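Step one of this worksheet: look at the structure below.
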Amino acid sequence: MPDLDKSNELALHVLDAIENKHKLNIIGGSSKIFYGNQTQGAPVQIEGHSGISNYQPGELVITARAGTSLSEIESTLAEKNQSLIFEPPHFGKTATLGGTIASGIDGSSRPWTGAVKDAVLGVKIINGRGDILRFGGEVMKNVAGYDVSRLMVGSMGTLGILLEVSLKVLPLSKKTITLMFKTTLEKAIQRCSKLNNQCLPVSGMVYYDEQLYIRLSGNESSVDSAQNYLGGEHHLDNDFWSSIRELTHPFFKQKGRLWRISVPPATPPMNGLSGHWLIDWGGAQRWLISHLDADIIRGQTEAVHGHATLFRNDNNDIDVFHPLTPAQKHLHEVVKNAFDPHRLFNPGRLYKYF
């Protein structure tokens with residue numbers, strides 16, 4: 001069986017880039033190539049650097065190389081009745097573990113089971129000096145001080161080349177059902193806020209088109225008890241939650257710029273922003289399709305202590321990610337200089353000045 005560990009080969013790419021003073025464009029499965037700003041540089045292909053290097057079902061931990069397909073990881077876990085905690089989207093059959101971590105996109109279960117960063121126990125990377133470094137490990141408590149490995153989540157490949165990732169996983173739920181309630185957006189947000197403070201086996205809450213969808217996951221007794229308490233009617237569309245995760249739901253097919261807005265979950269409806277809305281994460285993540293100017297959307301989002309990402313972009317002049325404050329920008333620059341002093345990796349992908 002061929003050796004699929006390409007760590008040393010990839011490190012040579014970095015050393016060559018330093019010597020020849022050229023930039024690098026890190027490429028995995030390209031399923032999320034639409035996300036973030038456009039970048040330039042010599043392509044570095046990660047897809048061949050693949051394979052699950054360690055899986056301990058009894059310890060609820062899996063370790064795999066960055067080019068491993070997301071489908072392979074999920075199917076391997078499913079064989080042992082386990083799953084990733086954060087329901088990552090694929091956006092195509094070529095999705096890889098590295099791209100999943102670098103993009104840091106969570107599914108509908110995030111508020112209840114955890115985010116991508118909550119699952120990451122450790123990483124191995126190549127930094128901007130060509131060094132192969134390891135941070136964290138394969139156990140829950142292994143770091144004194146700041147967990148550097150979590151910096152890789154959502155960094156869009158701007159801090160280094162991911163080689164390997166160790167993730168916490170969870171057992172699959174014994175039972176999952178979805179309940180549906182006809183209501184208004186305002187009342188839906190209020191209800192979600194109330195449910196967030198109760199001990200219920202909630203694993204998803206989405207509102208769209210006057211319907212609130214509540215997913216319950218857990219053992220049979222807890223799900224049945226919650227269902228009796230909540231009422232509502234069964235929603236039998238088995239593809240509903242995957243359509244939200246993969247952005248294939250009819251909502252996402254409407255024309256216009258697609259914004260992902262993150263706000264405190266109890267924030268009332270943002271009626272000053274016209275467009276089409278879908279609410280996820282029990283109110284904390286709000287998708288907006290609108291032709292409004294970016295400054296208007298971001299200004300009103302900041303007014304409620306949130307931030308807005310331009311997820312689907314038809315104008316390359318608009319920053320994809322919410323502008324940083326001077327203090328935030330300074331911290332980003334400090335971290336960037338520590339990991340990538342020659343500014344090699346994915347220039348401009350996260351912010352155009354990095």
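Chain labels follow the order of the structure tokens: the first chain is A, the next B, and so on; residue numbering restarts at 1 in every chain, and ligands are counted from 1 in their shown order.
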
**OP:** Just the residues within 7 Å of region 156-160 of chain A, please, counting only C-alpha atoms, with nothing from its chain fewer than 3 positions along; format it as a list in words.
**Re:**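 Here the qualifying residues turn out to be Ile26, Ala102, Ser103, Ile125, Ile126, Asn127, Gly128, Lys336, Phe339, Asp340, Phe345, Asn346, Pro347, Arg349 and Leu350 of chain A.
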
Residue selection dump (C-alpha atoms) as a PDB file, in the first residue's frame:
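out.pdb, freshly written:
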```pdb
ATOM      1  CA  ILE A  26      -3.335  25.712  -0.627  1.00  0.00           C
ATOM      2  CA  ALA A 102      -9.851  25.706   7.620  1.00  0.00           C
ATOM      3  CA  SER A 103     -13.308  27.019   6.733  1.00  0.00           C
ATOM      4  CA  ILE A 125       0.964  21.836  10.510  1.00  0.00           C
ATOM      5  CA  ILE A 126       3.739  23.270   8.378  1.00  0.00           C
ATOM      6  CA  ASN A 127       4.371  26.877   9.350  1.00  0.00           C
ATOM      7  CA  GLY A 128       5.729  29.688   7.199  1.00  0.00           C
ATOM      8  CA  LYS A 336       0.071  35.974  11.192  1.00  0.00           C
ATOM      9  CA  PHE A 339       3.011  31.580  11.981  1.00  0.00           C
ATOM     10  CA  ASP A 340       3.725  32.964   8.506  1.00  0.00           C
ATOM     11  CA  PHE A 345      -0.046  31.167   2.621  1.00  0.00           C
ATOM     12  CA  ASN A 346      -3.291  31.998   0.795  1.00  0.00           C
ATOM     13  CA  PRO A 347      -2.628  35.744   0.564  1.00  0.00           C
ATOM     14  CA  ARG A 349      -8.122  34.759   1.295  1.00  0.00           C
ATOM     15  CA  LEU A 350      -9.250  35.803   4.770  1.00  0.00           C
TER      16      LEU A 350
END
```

*as a PyMOL selection string, which residues of region 149-316 of chain A does DSSP assign to strand (DSSP E or B)?*
chain A and resi 161-171+175-182+202-208+211-218+233-234+257-262+276-280+285-290+307-312

Counting only C-alpha atoms, which residues of region 65-170 of chain A sit at most 12 Å from some atom of region 207-227 of chain A, and what is each one's closest atom pair with its distance in Å to one decimal, listed by chain and rising residue number, as CSV?
```
residue,atom,partner,partner_atom,distance
A:Ser108,CA,A:Arg215,CA,9.5
A:Ser109,CA,A:Arg215,CA,9.1
A:Trp112,CA,A:Ser217,CA,10.3
A:Thr113,CA,A:Ser217,CA,10.5
A:Leu170,CA,A:Gly218,CA,11.5
```

For this session: Skip region 32-46 of chain A itself and residues of its chain fewer than 4 positions away, then list as number ranges by chain all residues within 10 Å of it, counting only C-alpha atoms.
Result: A: 6-7, 10, 13-14, 17, 22-28, 50, 65-68, 89-92, 94-96, 98-100, 102-103, 156, 161-163, 309-313, 316-321, 344-352

Keeping only N, CA and C atoms, write the selected residues to a file as a compact mmCIF listing (two decimals), in the first residue's frame.
```
# COMPACT_ATOMS: atom_id res chain seq x y z
N LYS A 6 2.44 12.82 2.99
CA LYS A 6 3.23 13.71 2.13
C LYS A 6 3.82 14.89 2.90
N SER A 7 3.97 14.75 4.22
CA SER A 7 4.40 15.87 5.06
C SER A 7 5.73 16.46 4.59
N LEU A 10 5.46 18.26 1.24
CA LEU A 10 4.79 19.55 1.37
C LEU A 10 5.70 20.58 2.04
N HIS A 13 7.85 22.20 -0.46
CA HIS A 13 7.15 23.26 -1.20
C HIS A 13 7.30 24.59 -0.48
N VAL A 14 7.16 24.55 0.83
CA VAL A 14 7.24 25.78 1.62
C VAL A 14 8.66 26.34 1.59
N ALA A 17 9.26 27.96 -1.65
CA ALA A 17 8.57 29.24 -1.76
C ALA A 17 9.31 30.34 -1.03
N HIS A 22 7.89 33.29 -3.55
CA HIS A 22 6.59 33.26 -4.18
C HIS A 22 5.53 32.77 -3.19
N LYS A 23 4.28 33.10 -3.48
CA LYS A 23 3.16 32.78 -2.60
C LYS A 23 2.62 31.40 -2.91
N LEU A 24 1.85 30.86 -1.94
CA LEU A 24 1.29 29.52 -2.08
C LEU A 24 -0.23 29.55 -1.94
N ASN A 25 -0.88 28.84 -2.83
CA ASN A 25 -2.34 28.69 -2.79
C ASN A 25 -2.65 27.25 -2.39
N ILE A 26 -3.10 27.05 -1.15
CA ILE A 26 -3.34 25.71 -0.63
C ILE A 26 -4.67 25.18 -1.15
N ILE A 27 -4.63 24.00 -1.75
CA ILE A 27 -5.83 23.44 -2.39
C ILE A 27 -6.11 22.05 -1.82
N GLY A 28 -7.34 21.85 -1.35
CA GLY A 28 -7.77 20.53 -0.90
C GLY A 28 -8.66 19.91 -1.95
N SER A 50 -3.41 11.88 2.62
CA SER A 50 -4.69 11.41 3.15
C SER A 50 -4.54 10.15 3.98
N ARG A 65 -5.27 12.61 8.28
CA ARG A 65 -4.52 13.61 7.51
C ARG A 65 -5.49 14.56 6.81
N ALA A 66 -4.98 15.75 6.52
CA ALA A 66 -5.86 16.83 6.06
C ALA A 66 -6.52 16.55 4.72
N GLY A 67 -5.88 15.76 3.87
CA GLY A 67 -6.47 15.48 2.57
C GLY A 67 -7.48 14.35 2.57
N THR A 68 -7.74 13.77 3.73
CA THR A 68 -8.72 12.68 3.82
C THR A 68 -10.11 13.21 3.51
N PRO A 89 -20.80 20.92 6.61
CA PRO A 89 -21.28 20.80 5.24
C PRO A 89 -20.19 20.24 4.33
N HIS A 90 -20.60 19.56 3.27
CA HIS A 90 -19.65 19.06 2.28
C HIS A 90 -19.51 20.04 1.11
N PHE A 91 -20.64 20.53 0.62
CA PHE A 91 -20.68 21.37 -0.59
C PHE A 91 -20.05 20.65 -1.79
N GLY A 92 -20.14 19.35 -1.82
CA GLY A 92 -19.59 18.58 -2.93
C GLY A 92 -18.94 17.30 -2.44
N THR A 94 -16.03 16.18 -2.99
CA THR A 94 -14.58 16.23 -2.81
C THR A 94 -14.15 16.86 -1.50
N ALA A 95 -15.09 17.17 -0.62
CA ALA A 95 -14.75 17.84 0.64
C ALA A 95 -13.71 17.05 1.43
N THR A 96 -12.73 17.75 2.00
CA THR A 96 -11.67 17.13 2.78
C THR A 96 -11.73 17.61 4.23
N GLY A 98 -9.16 18.83 5.88
CA GLY A 98 -8.44 20.09 5.99
C GLY A 98 -9.30 21.30 5.64
N GLY A 99 -10.06 21.19 4.56
CA GLY A 99 -10.95 22.27 4.17
C GLY A 99 -12.05 22.50 5.18
N THR A 100 -12.51 21.42 5.80
CA THR A 100 -13.54 21.52 6.83
C THR A 100 -13.04 22.33 8.02
N ALA A 102 -10.28 24.38 8.05
CA ALA A 102 -9.85 25.71 7.62
C ALA A 102 -11.02 26.66 7.44
N SER A 103 -12.14 26.16 6.93
CA SER A 103 -13.31 27.02 6.73
C SER A 103 -14.09 27.23 8.02
N MET A 156 -8.74 29.75 7.15
CA MET A 156 -8.75 29.71 5.68
C MET A 156 -7.36 29.46 5.09
N ILE A 161 -0.01 25.11 6.51
CA ILE A 161 -0.59 23.97 5.81
C ILE A 161 -0.97 22.92 6.85
N LEU A 162 -2.25 22.62 6.95
CA LEU A 162 -2.71 21.57 7.86
C LEU A 162 -2.24 20.21 7.33
N LEU A 163 -1.63 19.43 8.21
CA LEU A 163 -1.20 18.09 7.85
C LEU A 163 -2.08 17.02 8.47
N THR A 309 -21.06 37.97 7.43
CA THR A 309 -20.17 37.40 6.43
C THR A 309 -20.90 37.31 5.09
N LEU A 310 -20.27 37.77 4.04
CA LEU A 310 -20.85 37.68 2.70
C LEU A 310 -20.53 36.30 2.15
N PHE A 311 -21.48 35.39 2.29
CA PHE A 311 -21.24 33.98 2.00
C PHE A 311 -21.27 33.69 0.51
N ARG A 312 -22.22 34.27 -0.19
CA ARG A 312 -22.30 34.12 -1.65
C ARG A 312 -22.17 35.50 -2.25
N ASN A 313 -21.14 35.70 -3.05
CA ASN A 313 -20.72 37.05 -3.43
C ASN A 313 -20.78 37.24 -4.94
N ASN A 316 -16.70 41.33 -6.10
CA ASN A 316 -15.41 41.09 -5.48
C ASN A 316 -14.85 42.29 -4.76
N ASP A 317 -15.51 43.46 -4.88
CA ASP A 317 -15.05 44.65 -4.18
C ASP A 317 -15.51 44.69 -2.73
N ILE A 318 -16.43 43.79 -2.36
CA ILE A 318 -16.94 43.75 -0.99
C ILE A 318 -16.15 42.72 -0.19
N ASP A 319 -15.68 43.12 1.00
CA ASP A 319 -14.98 42.18 1.86
C ASP A 319 -15.93 41.06 2.26
N VAL A 320 -15.44 39.83 2.18
CA VAL A 320 -16.27 38.68 2.54
C VAL A 320 -16.53 38.65 4.05
N PHE A 321 -15.48 38.83 4.82
CA PHE A 321 -15.59 38.72 6.26
C PHE A 321 -15.74 40.11 6.91
N LEU A 344 3.34 33.76 3.09
CA LEU A 344 3.29 32.81 1.98
C LEU A 344 1.89 32.30 1.69
N PHE A 345 1.12 32.03 2.74
CA PHE A 345 -0.05 31.17 2.62
C PHE A 345 -1.33 31.92 2.28
N ASN A 346 -1.97 31.49 1.20
CA ASN A 346 -3.29 32.00 0.79
C ASN A 346 -3.44 33.51 0.98
N PRO A 347 -2.57 34.30 0.36
CA PRO A 347 -2.63 35.74 0.56
C PRO A 347 -3.99 36.33 0.16
N GLY A 348 -4.57 37.09 1.08
CA GLY A 348 -5.83 37.77 0.81
C GLY A 348 -7.07 36.93 0.98
N ARG A 349 -6.94 35.63 1.24
CA ARG A 349 -8.12 34.76 1.30
C ARG A 349 -9.05 35.12 2.46
N LEU A 350 -8.46 35.45 3.60
CA LEU A 350 -9.25 35.80 4.77
C LEU A 350 -9.53 37.30 4.79
N TYR A 351 -8.48 38.09 4.77
CA TYR A 351 -8.59 39.55 4.63
C TYR A 351 -7.59 39.98 3.57
N LYS A 352 -7.95 40.95 2.79
CA LYS A 352 -7.15 41.30 1.61
C LYS A 352 -5.78 41.85 1.95
```

Expressed in Å, the length from CA of Ile52 (chain A) to CA of Ile73 (chain A) is 7.6 Å

Counting only C-alpha atoms, the residue among A:Gly29, A:Thr183, A:Asp295, A:Leu230 that lies closest to Gln198 (chain A) is A:Leu230
